[in-house]
Each structure stands twice: as structure tokens, then as C-alpha cells.
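start.cif follows; it contains mmCIF, C-alpha atoms.
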```cif
data_target
loop_
_atom_site.label_atom_id
_atom_site.label_comp_id
_atom_site.auth_asym_id
_atom_site.auth_seq_id
_atom_site.Cartn_x
_atom_site.Cartn_y
_atom_site.Cartn_z
CA MET A 1 11.85 -12.51 -1.87
CA SER A 2 11.20 -13.52 -5.46
CA GLN A 3 7.49 -14.39 -5.37
CA ASP A 4 4.77 -12.45 -7.11
CA TRP A 5 2.34 -10.67 -4.79
CA ILE A 6 -1.22 -9.37 -4.99
CA ALA A 7 -3.21 -7.06 -2.70
CA VAL A 8 -6.62 -8.51 -1.84
CA ASP A 9 -9.76 -6.60 -0.82
CA LEU A 10 -11.62 -9.11 1.35
CA ASP A 11 -14.79 -7.01 1.50
CA ASP A 12 -15.32 -6.48 -2.24
CA ARG A 13 -13.59 -9.79 -3.05
CA VAL A 14 -11.31 -8.33 -5.69
CA TRP A 15 -7.54 -8.26 -6.05
CA PHE A 16 -4.96 -5.77 -7.28
CA GLU A 17 -1.75 -6.70 -9.04
CA GLY A 18 1.08 -4.21 -8.91
CA ALA A 19 4.11 -4.95 -11.02
CA GLY A 20 4.34 -8.59 -9.99
CA LYS A 21 7.35 -8.89 -7.70
CA LEU A 22 6.87 -7.16 -4.37
CA GLY A 23 9.99 -5.08 -4.90
CA ASP A 24 8.58 -3.81 -8.19
CA TRP A 25 5.50 -2.51 -6.37
CA PHE A 26 7.74 0.02 -4.61
CA TRP A 27 8.96 1.41 -7.90
CA CYS A 28 5.98 1.09 -10.26
CA SER A 29 2.75 1.09 -8.28
CA ALA A 30 3.32 3.07 -5.09
CA GLY A 31 1.41 6.16 -6.17
CA LEU A 32 -1.55 4.34 -7.72
CA MET A 33 -2.03 1.90 -4.86
CA LEU A 34 -1.72 4.55 -2.16
CA GLU A 35 -4.42 6.64 -3.80
CA THR A 36 -6.88 3.75 -3.49
CA LEU A 37 -6.52 4.20 0.29
CA ARG A 38 -6.38 8.01 0.37
CA ILE A 39 -9.78 9.55 1.11
CA PRO A 40 -10.38 12.72 -0.99
CA CYS A 41 -10.78 15.95 1.00
CA VAL A 42 -14.00 16.84 -0.83
CA ASN A 43 -15.60 17.81 2.48
CA SER A 44 -13.02 20.62 2.84
CA LYS A 45 -13.59 21.67 -0.78
CA ILE A 46 -17.36 21.88 -0.28
CA GLU A 47 -16.83 23.79 2.98
CA SER A 48 -14.87 26.43 1.05
CA LEU A 49 -17.61 26.67 -1.58
CA LEU A 50 -20.23 27.21 1.13
CA VAL A 51 -18.41 30.18 2.67
CA GLY A 52 -20.55 33.31 2.70
CA ARG A 53 -24.22 34.04 3.06
CA PHE A 54 -26.95 31.94 1.49
CA ASN A 55 -28.77 34.96 0.06
CA ARG A 56 -29.55 35.68 -3.60
CA GLN A 57 -30.43 32.05 -4.24
CA ARG A 58 -32.07 31.13 -7.52
CA ALA A 59 -35.82 30.63 -7.54
CA ALA A 60 -36.08 26.86 -7.15
CA PRO A 61 -39.46 25.56 -5.89
CA LEU A 62 -37.88 22.12 -5.51
CA LEU A 63 -35.79 23.44 -2.63
CA CYS A 64 -38.93 24.28 -0.66
CA LEU A 65 -39.39 20.56 -0.04
CA PRO A 66 -38.29 19.11 3.33
CA PRO A 67 -34.57 18.15 3.38
CA GLU A 68 -35.43 14.51 4.12
CA LEU A 69 -37.43 14.30 0.91
CA LEU A 70 -34.65 15.99 -1.08
CA HIS A 71 -32.20 13.37 0.16
CA GLU A 72 -34.56 10.67 -1.10
CA ILE A 73 -34.73 12.44 -4.46
CA LEU A 74 -30.92 12.53 -4.67
CA VAL A 75 -30.76 8.80 -4.00
CA ALA A 76 -33.46 8.16 -6.62
CA LEU A 77 -31.63 10.32 -9.18
CA ASN A 78 -28.82 7.83 -9.34
CA PRO A 79 -29.96 4.46 -8.00
CA THR A 80 -27.36 2.48 -9.92
CA ARG A 81 -24.74 5.25 -10.22
CA ALA A 82 -25.17 4.95 -13.98
CA TYR A 83 -25.31 8.72 -14.43
CA THR A 84 -23.36 10.33 -11.57
CA PRO A 85 -23.45 13.89 -13.00
CA ALA A 86 -27.08 14.14 -11.79
CA VAL A 87 -25.98 14.67 -8.18
CA PHE A 88 -23.32 17.19 -9.18
CA LEU A 89 -25.76 19.12 -11.36
CA PHE A 90 -28.16 19.36 -8.44
CA ALA A 91 -25.31 20.61 -6.23
CA THR A 92 -24.46 23.47 -8.61
CA THR A 93 -27.98 24.92 -8.33
CA CYS A 94 -27.24 26.94 -5.20
CA LYS A 95 -25.51 26.73 -1.85
CA LEU A 96 -28.51 25.13 -0.21
CA ALA A 97 -28.55 22.38 -2.82
CA LEU A 98 -24.79 21.98 -2.42
CA ALA A 99 -25.16 21.58 1.34
CA LEU A 100 -27.89 18.97 0.85
CA ALA A 101 -25.83 17.09 -1.74
CA ARG A 102 -22.65 17.12 0.38
CA PRO A 103 -23.02 13.61 1.96
CA HIS A 104 -23.90 12.10 -1.42
CA ILE A 105 -20.86 13.68 -3.11
CA ILE A 106 -18.55 12.56 -0.30
CA ASP A 107 -19.88 9.01 -0.65
CA LEU A 108 -19.50 9.01 -4.46
CA GLN A 109 -15.92 10.31 -4.30
CA ARG A 110 -14.89 7.92 -1.55
CA ARG A 111 -16.30 4.86 -3.34
CA HIS A 112 -14.79 5.86 -6.68
CA TYR A 113 -11.38 7.33 -5.84
CA ALA A 114 -10.59 5.42 -2.62
CA PRO A 115 -12.14 1.98 -3.21
CA LEU A 116 -9.84 0.27 -0.68
CA ALA A 117 -10.35 2.76 2.16
CA GLY A 118 -11.95 1.14 5.17
CA HIS A 119 -11.88 -2.33 3.64
CA ARG A 120 -10.26 -5.49 5.04
CA LEU A 121 -6.94 -5.81 3.19
CA VAL A 122 -4.18 -8.36 2.94
CA CYS A 123 -1.18 -8.83 0.65
CA ILE A 124 -0.44 -12.47 -0.25
CA ALA A 125 2.43 -14.11 -2.09
CA ASP A 126 2.57 -16.71 -4.83
CA GLY A 127 3.47 -20.05 -3.32
CA LEU A 128 2.16 -23.25 -1.80
CA GLY A 129 0.51 -21.53 1.18
CA ALA A 130 -3.15 -22.53 1.37
CA LEU A 131 -6.26 -21.12 3.01
CA ALA A 132 -5.83 -23.60 5.85
CA GLY A 133 -2.50 -21.99 6.71
CA CYS A 134 -3.95 -18.51 7.23
CA PRO A 135 -4.52 -17.11 10.72
CA ALA A 136 -7.95 -17.83 12.17
CA GLY A 137 -10.49 -15.17 11.23
CA LEU A 138 -8.53 -13.69 8.33
CA PHE A 139 -10.93 -15.25 5.83
CA THR A 140 -14.51 -15.56 7.07
CA PRO A 141 -16.57 -18.69 6.29
CA ALA A 142 -18.39 -16.62 3.64
CA ASP A 143 -15.03 -15.65 2.09
CA ALA A 144 -13.97 -19.29 2.01
CA ARG A 145 -17.22 -20.32 0.31
CA ALA A 146 -16.81 -17.54 -2.26
CA LEU A 147 -13.29 -18.75 -3.03
CA GLY A 148 -14.26 -22.38 -3.38
CA GLY A 149 -11.57 -24.96 -3.96
CA ALA A 150 -10.06 -27.50 -1.61
CA PRO A 151 -8.54 -26.31 1.71
CA ASP A 152 -5.05 -27.27 0.50
CA THR A 153 -5.33 -25.29 -2.78
CA PRO A 154 -2.64 -22.56 -2.99
CA LEU A 155 -4.33 -19.35 -1.83
CA TYR A 156 -2.62 -17.05 -4.35
CA ALA A 157 -3.88 -19.06 -7.35
CA LEU A 158 -7.30 -19.51 -5.75
CA VAL A 159 -7.87 -15.77 -5.29
CA ARG A 160 -6.73 -14.96 -8.82
CA LYS A 161 -9.04 -17.61 -10.25
CA SER A 162 -12.16 -17.01 -8.15
CA TRP A 163 -12.22 -13.24 -7.64
CA GLN A 164 -12.03 -10.36 -10.10
CA ARG A 165 -9.04 -8.16 -10.75
CA ARG A 166 -9.44 -4.40 -10.27
CA ALA A 167 -7.26 -1.65 -11.72
CA PRO A 168 -5.84 0.82 -9.17
CA ASP A 169 -6.28 3.82 -11.48
CA PRO A 170 -10.00 4.75 -11.76
CA PRO A 171 -11.21 7.05 -14.57
CA ALA A 172 -12.75 10.46 -13.88
CA LEU A 173 -15.92 10.26 -11.80
CA ALA A 174 -17.73 12.73 -14.05
CA ARG A 175 -16.58 15.20 -16.71
CA PRO A 176 -18.11 18.24 -18.42
CA ALA A 177 -18.10 16.15 -21.60
CA ASP A 178 -20.75 13.95 -19.95
CA LEU A 179 -23.18 16.86 -20.29
CA VAL A 180 -22.91 17.17 -24.07
CA HIS A 181 -25.93 14.95 -24.68
CA ARG A 182 -28.02 17.12 -22.33
CA PRO A 183 -28.10 20.50 -24.15
CA SER A 184 -30.99 21.78 -22.05
CA VAL A 185 -28.80 21.51 -18.96
CA VAL A 186 -25.70 23.01 -20.57
CA SER A 187 -27.62 26.02 -21.89
CA ARG A 188 -28.55 27.02 -18.33
CA MET A 189 -25.06 26.61 -16.84
CA SER A 190 -22.76 29.58 -16.38
CA ALA A 191 -18.96 29.50 -16.39
CA GLY A 192 -19.11 29.48 -12.61
CA ASP A 193 -21.43 26.46 -12.68
CA PHE A 194 -18.96 24.56 -14.84
CA ALA A 195 -16.11 25.48 -12.47
CA THR A 196 -18.13 24.23 -9.50
CA PHE A 197 -19.12 21.07 -11.38
CA ARG A 198 -15.47 20.29 -12.14
CA ALA A 199 -14.36 21.04 -8.56
CA LEU A 200 -16.94 18.64 -7.15
CA CYS A 201 -16.11 15.83 -9.59
CA GLU A 202 -12.32 15.82 -9.21
CA PRO A 203 -10.55 14.32 -6.18
CA TYR A 204 -9.19 17.00 -3.86
CA ARG A 205 -5.97 15.96 -2.10
CA PRO A 206 -4.04 19.13 -1.19
CA PRO A 207 -0.30 18.40 -0.81
CA GLU A 208 0.05 20.71 2.19
CA LYS A 209 -2.25 18.54 4.28
CA LYS A 210 -0.77 16.14 6.84
CA TRP A 211 -1.91 12.57 6.36
CA VAL A 212 -2.46 9.70 8.75
CA LEU A 213 -2.48 5.97 7.99
CA TYR A 214 -4.76 4.14 10.38
CA SER A 215 -6.40 0.82 11.11
CA ARG A 216 -10.05 1.08 12.04
CA THR A 217 -9.94 -2.52 13.21
CA ARG A 218 -7.18 -2.13 15.80
CA HIS A 219 -7.68 1.57 16.61
CA GLU A 220 -4.07 2.33 15.69
CA TYR A 221 -2.60 5.06 13.51
CA ALA A 222 0.74 6.18 12.07
CA ARG A 223 1.64 9.71 11.01
CA ALA A 224 2.59 9.67 7.33
CA ASP A 225 5.02 12.59 7.52
CA ALA A 226 7.06 10.84 10.23
CA VAL A 227 7.12 7.55 8.28
CA GLU A 228 8.23 9.37 5.11
CA SER A 229 10.88 11.48 6.82
CA GLY A 230 13.73 9.01 6.33
CA SER A 231 13.55 8.92 2.53
CA ALA A 232 13.76 11.28 -0.39
CA ASP A 233 10.83 9.40 -1.90
CA GLY A 234 8.19 9.63 0.82
CA LYS A 235 5.38 8.12 -1.23
CA ARG A 236 7.34 4.95 -1.89
CA MET A 237 8.36 4.75 1.77
CA LEU A 238 4.75 5.05 2.90
CA TRP A 239 3.60 2.33 0.51
CA ALA A 240 6.45 0.08 1.67
CA THR A 241 5.16 0.55 5.21
CA VAL A 242 1.59 -0.30 4.18
CA LEU A 243 2.78 -3.51 2.52
CA ALA A 244 4.85 -4.51 5.53
CA CYS A 245 1.81 -4.08 7.76
CA MET A 246 -0.67 -6.06 5.62
CA CYS A 247 1.48 -8.94 4.29
CA CYS A 248 0.58 -12.56 4.95
CA ILE A 249 2.41 -15.74 3.98
CA PRO A 250 0.07 -18.67 4.74
CA ASP A 251 1.88 -21.21 6.92
CA GLU A 252 0.75 -23.36 9.80
CA SER A 253 4.02 -22.97 11.71
CA PRO A 254 3.50 -20.74 14.76
CA GLU A 255 6.99 -19.30 14.49
CA MET A 256 6.20 -17.78 11.09
CA VAL A 257 5.56 -14.29 12.43
CA MET A 258 6.65 -10.82 11.43
CA GLY A 259 10.31 -10.32 12.32
CA SER A 260 12.93 -7.63 11.94
CA ALA A 261 15.50 -9.73 10.08
CA THR A 262 13.11 -11.67 7.82
CA PRO A 263 10.30 -10.72 5.44
CA PRO A 264 6.98 -10.12 7.21
CA LYS A 265 4.84 -13.24 7.46
CA ARG A 266 2.09 -11.83 9.66
CA GLY A 267 1.62 -8.12 9.12
CA ARG A 268 0.52 -5.93 12.03
CA TRP A 269 -2.61 -4.83 10.13
CA MET A 270 -3.11 -7.99 8.07
CA GLY A 271 -6.81 -8.24 7.24
CA ASP A 272 -7.60 -4.92 8.94
CA CYS A 273 -9.71 -2.04 7.63
CA ILE A 274 -7.05 0.52 6.61
CA GLU A 275 -7.47 4.13 5.48
CA LEU A 276 -5.32 7.13 4.65
CA THR A 277 -6.86 10.44 5.67
CA THR A 278 -5.85 13.90 6.88
CA THR A 279 -5.07 14.63 10.51
CA GLU A 280 -7.98 17.10 10.59
CA GLU A 281 -10.47 14.48 9.44
CA LEU A 282 -9.09 11.92 11.87
CA GLU A 283 -9.27 14.37 14.78
CA PHE A 284 -12.81 15.31 13.80
CA GLU A 285 -13.85 11.66 13.70
CA LEU A 286 -12.01 10.57 16.84
CA GLY A 287 -12.84 13.57 18.98
CA ASP A 288 -11.11 12.87 22.27
CA CYS A 289 -8.86 10.18 20.74
CA SER A 290 -11.51 7.52 21.09
CA GLY A 291 -13.12 5.45 18.37
CA SER A 292 -16.84 5.51 17.66
CA ASP A 293 -17.19 2.50 19.93
CA GLY A 294 -15.37 4.21 22.79
CA ALA A 295 -12.07 2.31 22.37
CA ALA A 296 -8.89 4.35 22.74
CA TRP A 297 -6.68 4.98 19.71
CA THR A 298 -2.92 4.42 19.82
CA ASP A 299 -0.14 6.16 17.91
CA VAL A 300 2.12 3.38 16.57
CA THR A 301 4.17 5.56 14.21
CA SER A 302 7.48 4.65 15.84
CA ASP A 303 6.71 0.93 15.72
CA VAL A 304 5.84 0.71 12.02
CA ALA A 305 8.65 3.07 10.98
CA ALA A 306 11.17 1.12 13.06
CA LEU A 307 10.03 -2.15 11.46
CA VAL A 308 10.77 -0.96 7.91
CA TYR A 309 14.00 0.77 8.95
CA THR A 310 15.27 -2.36 10.74
CA MET A 311 14.51 -4.58 7.76
CA TRP A 312 16.34 -2.08 5.55
CA LYS A 313 19.45 -2.18 7.77
CA ALA A 314 19.31 -6.00 7.79
CA GLY A 315 19.17 -6.04 3.97
CA VAL A 316 15.81 -7.82 3.82
CA ARG A 317 14.64 -7.73 0.21
CA PRO A 318 12.89 -5.75 -1.13
CA TRP A 319 12.89 -3.36 1.86
CA GLY A 320 16.68 -3.42 1.74
CA ASP A 321 16.51 -1.59 -1.61
CA LEU A 322 14.56 1.39 -0.26
CA PRO A 323 16.23 4.81 -0.69
CA PHE A 324 16.79 5.74 2.97
CA CYS A 325 18.60 9.03 3.47
CA THR A 326 18.39 9.35 7.23
CA GLU A 327 16.84 7.44 10.10
CA PRO A 328 13.10 8.30 10.27
CA SER A 329 12.32 10.92 12.92
CA SER A 330 9.83 8.59 14.56
CA VAL A 331 12.32 5.76 15.14
#
```
Could you take the file, read its structure, and then write that structure out as C-alpha cells?
Amino acid sequence: MSQDWIAVDLDDRVWFEGAGKLGDWFWCSAGLMLETLRIPCVNSKIESLLVGRFNRQRAAPLLCLPPELLHEILVALNPTRAYTPAVFLFATTCKLALALARPHIIDLQRRHYAPLAGHRLVCIADGLGALAGCPAGLFTPADARALGGAPDTPLYALVRKSWQRRAPDPPALARPADLVHRPSVVSRMSAGDFATFRALCEPYRPPEKKWVLYSRTRHEYARADAVESGSADGKRMLWATVLACMCCIPDESPEMVMGSATPPKRGRWMGDCIELTTTEELEFELGDCSGSDGAAWTDVTSDVAALVYTMWKAGVRPWGDLPFCTEPSSV
């Protein structure tokens, strides 16, 4: 497979370019692209900061206001997200303020560090495939209007021309250096305040956590540790699995479907809302293994791991170049 590929976010209407050739993505962009799907565990970090009693709080008349009004103030502090430290500064005031700011911090971190999480995603190749050759429903009528162009225009070139490119490596959300021009704030902050400020600004992704890749659209999930178990480079293996599940080669032929001895033409999660989160967060959200709409969730770890492993054994490029050591435990 020699074509160039791009990952497309259908919700934000932006595209990401790895290293060009799909095989190069495995070697150059696996870490960066995976992190755009990996939701930071800031909720766990805040939970640890809230441990203990809420006594000995600072005298803050502002905190006597009803919580609903404080939430409105937090939204008003940063209406355009032009100065994100405002929310973090409020959170360092005391544990009560931190608890009130928790949903706002989680939202800021998710939007900034995991911009692809929960979005409709597809990976498309350079070629003659046009919008008309895509499966029905992959691109909505609004998407098609935003792309413009004739129905027979090659989709790869159309997306690159009409939509913006986004880098997969976002800068820091907020840094202590951002406070330099606010000396009145800095003068009242202790060393502990700075430590809390930094902890709330940085993405928290503890390596000991177990991660789950899942499709909100299809109510399916795959355990990352099982997918990674067959390779010495688990991160690259996981990204190879993501790509195999979201690839699309536009073609009107009905037989052009994902196969085990050919490159994937219709990925299992093509155009789905995909996320990478911890098993604890997934269990908390799913409860009794049901989605928010009551639909049951299915563990498809063995299916997606077997797909990549079978393509590797068949020598399908670039999956045939993956560094398998043993057969994945889930296959």
C-alpha cells in the first residue's frame, strides 16, 4: 500500500497528516496520534487532591454564593478560552473551589489534550476514490456541503483543500509562566498553590492504568493490554489496530470490504466516535455494561486483535511489517 493517508475528524472538519505513507504512521506518529484519543485522568488527579477534610478553608466570601452561580462565574471567566489559567487559579483557592471547578477542568483538558476523543473519525487514502464512493451516512449532507466540489472529485484532495490541518501535538494548556503578567496573583500563591496549579494543567495519564479503546457509536470496546500483548512495541500495535478499524477506501464496488488477506477498505469503526480511556472510567460510565441509551456493550478485543494478526501473517503491507513477538493473548 503506497498511498499517502490522512486521519479526518468529521465533527471538527479538520485532518491530521502523520508521516505520509500509512506504514510510516506506525513508526513516526503512533504516540502523538494515540494521545489525541486518550482522555486524561484528571478526574482521578482531582479526586486525590480532594482527599481529607474540607476544614481550615481560606476566608473567601465568593464561595458563600450558591454553587449554580459559581459555575456561571467560571464559564464567564473564560468565555473564549483565551485565558485558561483563570479556571485553574480559582481551583487552587481551596478544596471547595477545586470541587466546583472539577467539571470545567475536565472539559478543558479533554478538549485540549484529546481533541479526537468522541469524534467521528475516518482514515482515507490518496487516490481516485470520490465522495460518491463512500458508504452511505459516512459523510452527512452538511459535511458534503462543507467540502464542496463535484461528487466525482477525489476525496483525499478535497478534504486537504477544503478543511484545515491540525497538529497532533498540542502545546501546554497553561503554564506558571502565564502568570508572570499578573503579579498580584503570583504574590498570593504559595509553593503548594503552584504545585496544584501545575498538577491541574498537565495531562495525567498514569502508565499503570489499564486502557480501553471503544466506539461510542457501536457500543463496542477492545482492551488495550490484550491488543498490545503480541508486540514489544505496544503503542505502535495499538495505533495499527486503530487505523485498521477506521480506514476507508472510497469505492462503489460492494466487494470492497475489510478482509484478512487485503488492506482494510471498510474499517469496523469507520466514521465512529472513538475514545481511549481507562477501564475504571469506562466501568463508571457504563455501569452494568450498558450505554447511556440502554444498549448493551460488546467486548470485541479478540476480533480486532485477530484482524491485525491475520493481516500480519498474510504479509499485508504495512501491517506485515509490525514487530510481532507472539500471538496476542486475545486471539
Query - Computed interatomic separation between CA of Val8 in chain A and CA of Ala150 in chain A (Å) - result: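 Distance between the two atoms: 19.3 Å.
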**Report entry** Given only C-alpha atoms as the counted atoms, nearest of A:Trp297, A:Tyr221, A:Phe88, A:Trp312 to Glu202 in chain A
**Finding:**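 So, comparing all the options, the nearest one is A:Phe88.
CA of Ser162 in chain A sits 14.2 Å away from CA of Ala130 in chain A.
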Query raised in the report: Restricting the calculation to all atoms listed in the file, which member of A:Ala99, A:Ala114, A:Cys94, A:Val75 is positioned closest to Leu32 in chain A?
Result: A:Ala114
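Closest approach to Ala296 in chain A from the set A:Val308, A:Ala226, A:Arg13, A:Arg216 is made by A:Arg216, with distances taken over all atoms listed in the file.
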Query raised in the report: With all atoms listed in the file as the atoms that count, which of A:Val242, A:Ile6, A:Ile124, A:Leu89 lies nearest to Phe194 in chain A?
Result: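 Among the listed residues, A:Leu89 lies closest to Phe194 in chain A.
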Query raised in the report: Quick one: which residues end up in the PyMOL selection byres ((chain A and resi 12) around 12) for this structure, as a PyMOL selection string?
Result: chain A and resi 8-11+13-16+111+115-121+143+146+163-166
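In this structure, CA of Ser302 in chain A sits 9.1 Å away from CA of Arg223 in chain A.
Picked by the PyMOL selection byres ((chain A and resi 37) around 9) from the coordinates shown: Met33, Leu34, Glu35, Thr36, Arg38, Ile39, Tyr113, Ala114, Pro115, Leu116, Ala117, Gly118, Leu213, Ile274, Glu275, Leu276 and Thr277 of chain A.
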Query raised in the report: Which neighbours of Ala174 in chain A fall inside 6 Å, counting all atoms listed in the file, when residues of the same chain fewer than 2 positions from it are skipped, and could you give them as a PyMOL selection string?
Result: chain A and resi 85+172+201
Saved selection, atoms kept: C-alpha atoms, as a compact mmCIF listing (two decimals), in the coordinates of the input:
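Generated output (part32.txt):
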```
# COMPACT_ATOMS: atom_id res chain seq x y z
CA PRO A 85 -23.45 13.89 -13.00
CA ALA A 172 -12.75 10.46 -13.88
CA CYS A 201 -16.11 15.83 -9.59
```
Let me have the centre and edge lengths in Å, one decimal, of the box along x, y and z around every listed atom of range 220-227 of chain A with 8 Å of margin on each side, as AutoDock Vina command-line options.
```
--center_x 1.5 --center_y 7.5 --center_z 11.5 --size_x 27.2 --size_y 26.3 --size_z 24.4
```
Requested in this report: I need the residue set behind the PyMOL selection byres ((chain A and resi 102-104) around 10) for this file; please write it as a list of chain:residue names.
Outcome: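 Applying the PyMOL selection byres ((chain A and resi 102-104) around 10) to the structure shown produces A:Val42, A:Asn43, A:Ile46, A:Glu47, A:His71, A:Leu74, A:Val75, A:Val87, A:Phe88, A:Ala91, A:Leu96, A:Ala97, A:Leu98, A:Ala99, A:Leu100, A:Ala101, A:Ile105, A:Ile106, A:Asp107, A:Leu108, A:Gln109, A:Arg110, A:Leu200.
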Could the residues in this selection be written to a file with C-alpha atoms, as a short mmCIF file (atom, residue, chain, number, x, y, z; two decimals), in the coordinates of the input?
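Result went into result26.cif, see below:
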```cif
data_model
loop_
_atom_site.label_atom_id
_atom_site.label_comp_id
_atom_site.auth_asym_id
_atom_site.auth_seq_id
_atom_site.Cartn_x
_atom_site.Cartn_y
_atom_site.Cartn_z
CA VAL A 42 -14.00 16.84 -0.83
CA ASN A 43 -15.60 17.81 2.48
CA ILE A 46 -17.36 21.88 -0.28
CA GLU A 47 -16.83 23.79 2.98
CA HIS A 71 -32.20 13.37 0.16
CA LEU A 74 -30.92 12.53 -4.67
CA VAL A 75 -30.76 8.80 -4.00
CA VAL A 87 -25.98 14.67 -8.18
CA PHE A 88 -23.32 17.19 -9.18
CA ALA A 91 -25.31 20.61 -6.23
CA LEU A 96 -28.51 25.13 -0.21
CA ALA A 97 -28.55 22.38 -2.82
CA LEU A 98 -24.79 21.98 -2.42
CA ALA A 99 -25.16 21.58 1.34
CA LEU A 100 -27.89 18.97 0.85
CA ALA A 101 -25.83 17.09 -1.74
CA ILE A 105 -20.86 13.68 -3.11
CA ILE A 106 -18.55 12.56 -0.30
CA ASP A 107 -19.88 9.01 -0.65
CA LEU A 108 -19.50 9.01 -4.46
CA GLN A 109 -15.92 10.31 -4.30
CA ARG A 110 -14.89 7.92 -1.55
CA LEU A 200 -16.94 18.64 -7.15
#
```
Report summary line: Min atom-atom distance to Leu131 in chain A from the set A:Cys248, A:Leu69, A:Val300, A:Ala306, counting all atoms listed in the file, belongs to A:Cys248
Query raised in the report: Pick the closest to Leu282 in chain A from A:Val212, A:Leu49, A:Ala305, A:Ala222: which is it, counting all atoms listed in the file?
Result: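 Among A:Val212, A:Leu49, A:Ala305, A:Ala222, it is A:Val212 that comes nearest to Leu282 in chain A.
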Please, can range 3-11 of chain A be completed to all heavy atoms and returned as a short mmCIF file (atom, residue, chain, number, x, y, z; two decimals), keeping the file's coordinate frame?
```cif
data_model
loop_
_atom_site.label_atom_id
_atom_site.label_comp_id
_atom_site.auth_asym_id
_atom_site.auth_seq_id
_atom_site.Cartn_x
_atom_site.Cartn_y
_atom_site.Cartn_z
N GLN A 3 8.85 -14.07 -4.96
CA GLN A 3 7.49 -14.39 -5.37
C GLN A 3 6.75 -13.17 -5.92
O GLN A 3 7.10 -12.03 -5.64
CB GLN A 3 6.68 -14.94 -4.19
CG GLN A 3 7.30 -16.16 -3.55
CD GLN A 3 7.67 -15.83 -2.12
OE1 GLN A 3 8.31 -14.82 -1.87
NE2 GLN A 3 7.30 -16.70 -1.21
N ASP A 4 5.71 -13.48 -6.70
CA ASP A 4 4.77 -12.45 -7.11
C ASP A 4 3.78 -12.24 -5.97
O ASP A 4 3.46 -13.17 -5.23
CB ASP A 4 4.02 -12.87 -8.37
CG ASP A 4 4.91 -12.82 -9.61
OD1 ASP A 4 6.01 -12.25 -9.51
OD2 ASP A 4 4.51 -13.35 -10.65
N TRP A 5 3.25 -11.01 -5.86
CA TRP A 5 2.34 -10.67 -4.79
C TRP A 5 1.11 -9.97 -5.36
O TRP A 5 1.16 -9.32 -6.40
CB TRP A 5 3.01 -9.72 -3.79
CG TRP A 5 4.06 -10.36 -2.94
CD1 TRP A 5 5.30 -10.79 -3.34
CD2 TRP A 5 3.98 -10.65 -1.55
NE1 TRP A 5 5.98 -11.33 -2.30
CE2 TRP A 5 5.20 -11.25 -1.18
CE3 TRP A 5 3.00 -10.46 -0.59
CZ2 TRP A 5 5.46 -11.66 0.13
CZ3 TRP A 5 3.26 -10.86 0.71
CH2 TRP A 5 4.47 -11.46 1.06
N ILE A 6 -0.01 -10.11 -4.66
CA ILE A 6 -1.22 -9.37 -4.99
C ILE A 6 -1.80 -8.79 -3.70
O ILE A 6 -1.65 -9.37 -2.62
CB ILE A 6 -2.28 -10.24 -5.70
CG1 ILE A 6 -2.63 -11.49 -4.87
CG2 ILE A 6 -1.85 -10.59 -7.11
CD1 ILE A 6 -3.76 -12.32 -5.45
N ALA A 7 -2.47 -7.63 -3.82
CA ALA A 7 -3.21 -7.06 -2.70
C ALA A 7 -4.67 -7.48 -2.86
O ALA A 7 -5.23 -7.37 -3.96
CB ALA A 7 -3.08 -5.54 -2.69
N VAL A 8 -5.28 -7.95 -1.78
CA VAL A 8 -6.62 -8.51 -1.84
C VAL A 8 -7.56 -7.68 -0.96
O VAL A 8 -7.27 -7.42 0.20
CB VAL A 8 -6.64 -9.98 -1.37
CG1 VAL A 8 -8.04 -10.57 -1.51
CG2 VAL A 8 -5.63 -10.80 -2.17
N ASP A 9 -8.69 -7.28 -1.55
CA ASP A 9 -9.76 -6.60 -0.82
C ASP A 9 -10.76 -7.68 -0.42
O ASP A 9 -11.50 -8.21 -1.25
CB ASP A 9 -10.41 -5.55 -1.73
CG ASP A 9 -11.54 -4.79 -1.05
OD1 ASP A 9 -12.05 -5.26 -0.02
OD2 ASP A 9 -11.92 -3.71 -1.56
N LEU A 10 -10.77 -8.02 0.88
CA LEU A 10 -11.62 -9.11 1.35
C LEU A 10 -13.10 -8.73 1.39
O LEU A 10 -13.96 -9.61 1.39
CB LEU A 10 -11.17 -9.55 2.74
CG LEU A 10 -9.73 -10.08 2.84
CD1 LEU A 10 -9.36 -10.37 4.29
CD2 LEU A 10 -9.56 -11.33 1.99
N ASP A 11 -13.40 -7.43 1.45
CA ASP A 11 -14.79 -7.01 1.50
C ASP A 11 -15.45 -7.04 0.13
O ASP A 11 -16.56 -7.56 -0.03
CB ASP A 11 -14.89 -5.60 2.10
CG ASP A 11 -14.63 -5.59 3.60
OD1 ASP A 11 -14.85 -6.63 4.24
OD2 ASP A 11 -14.18 -4.56 4.12
#
```
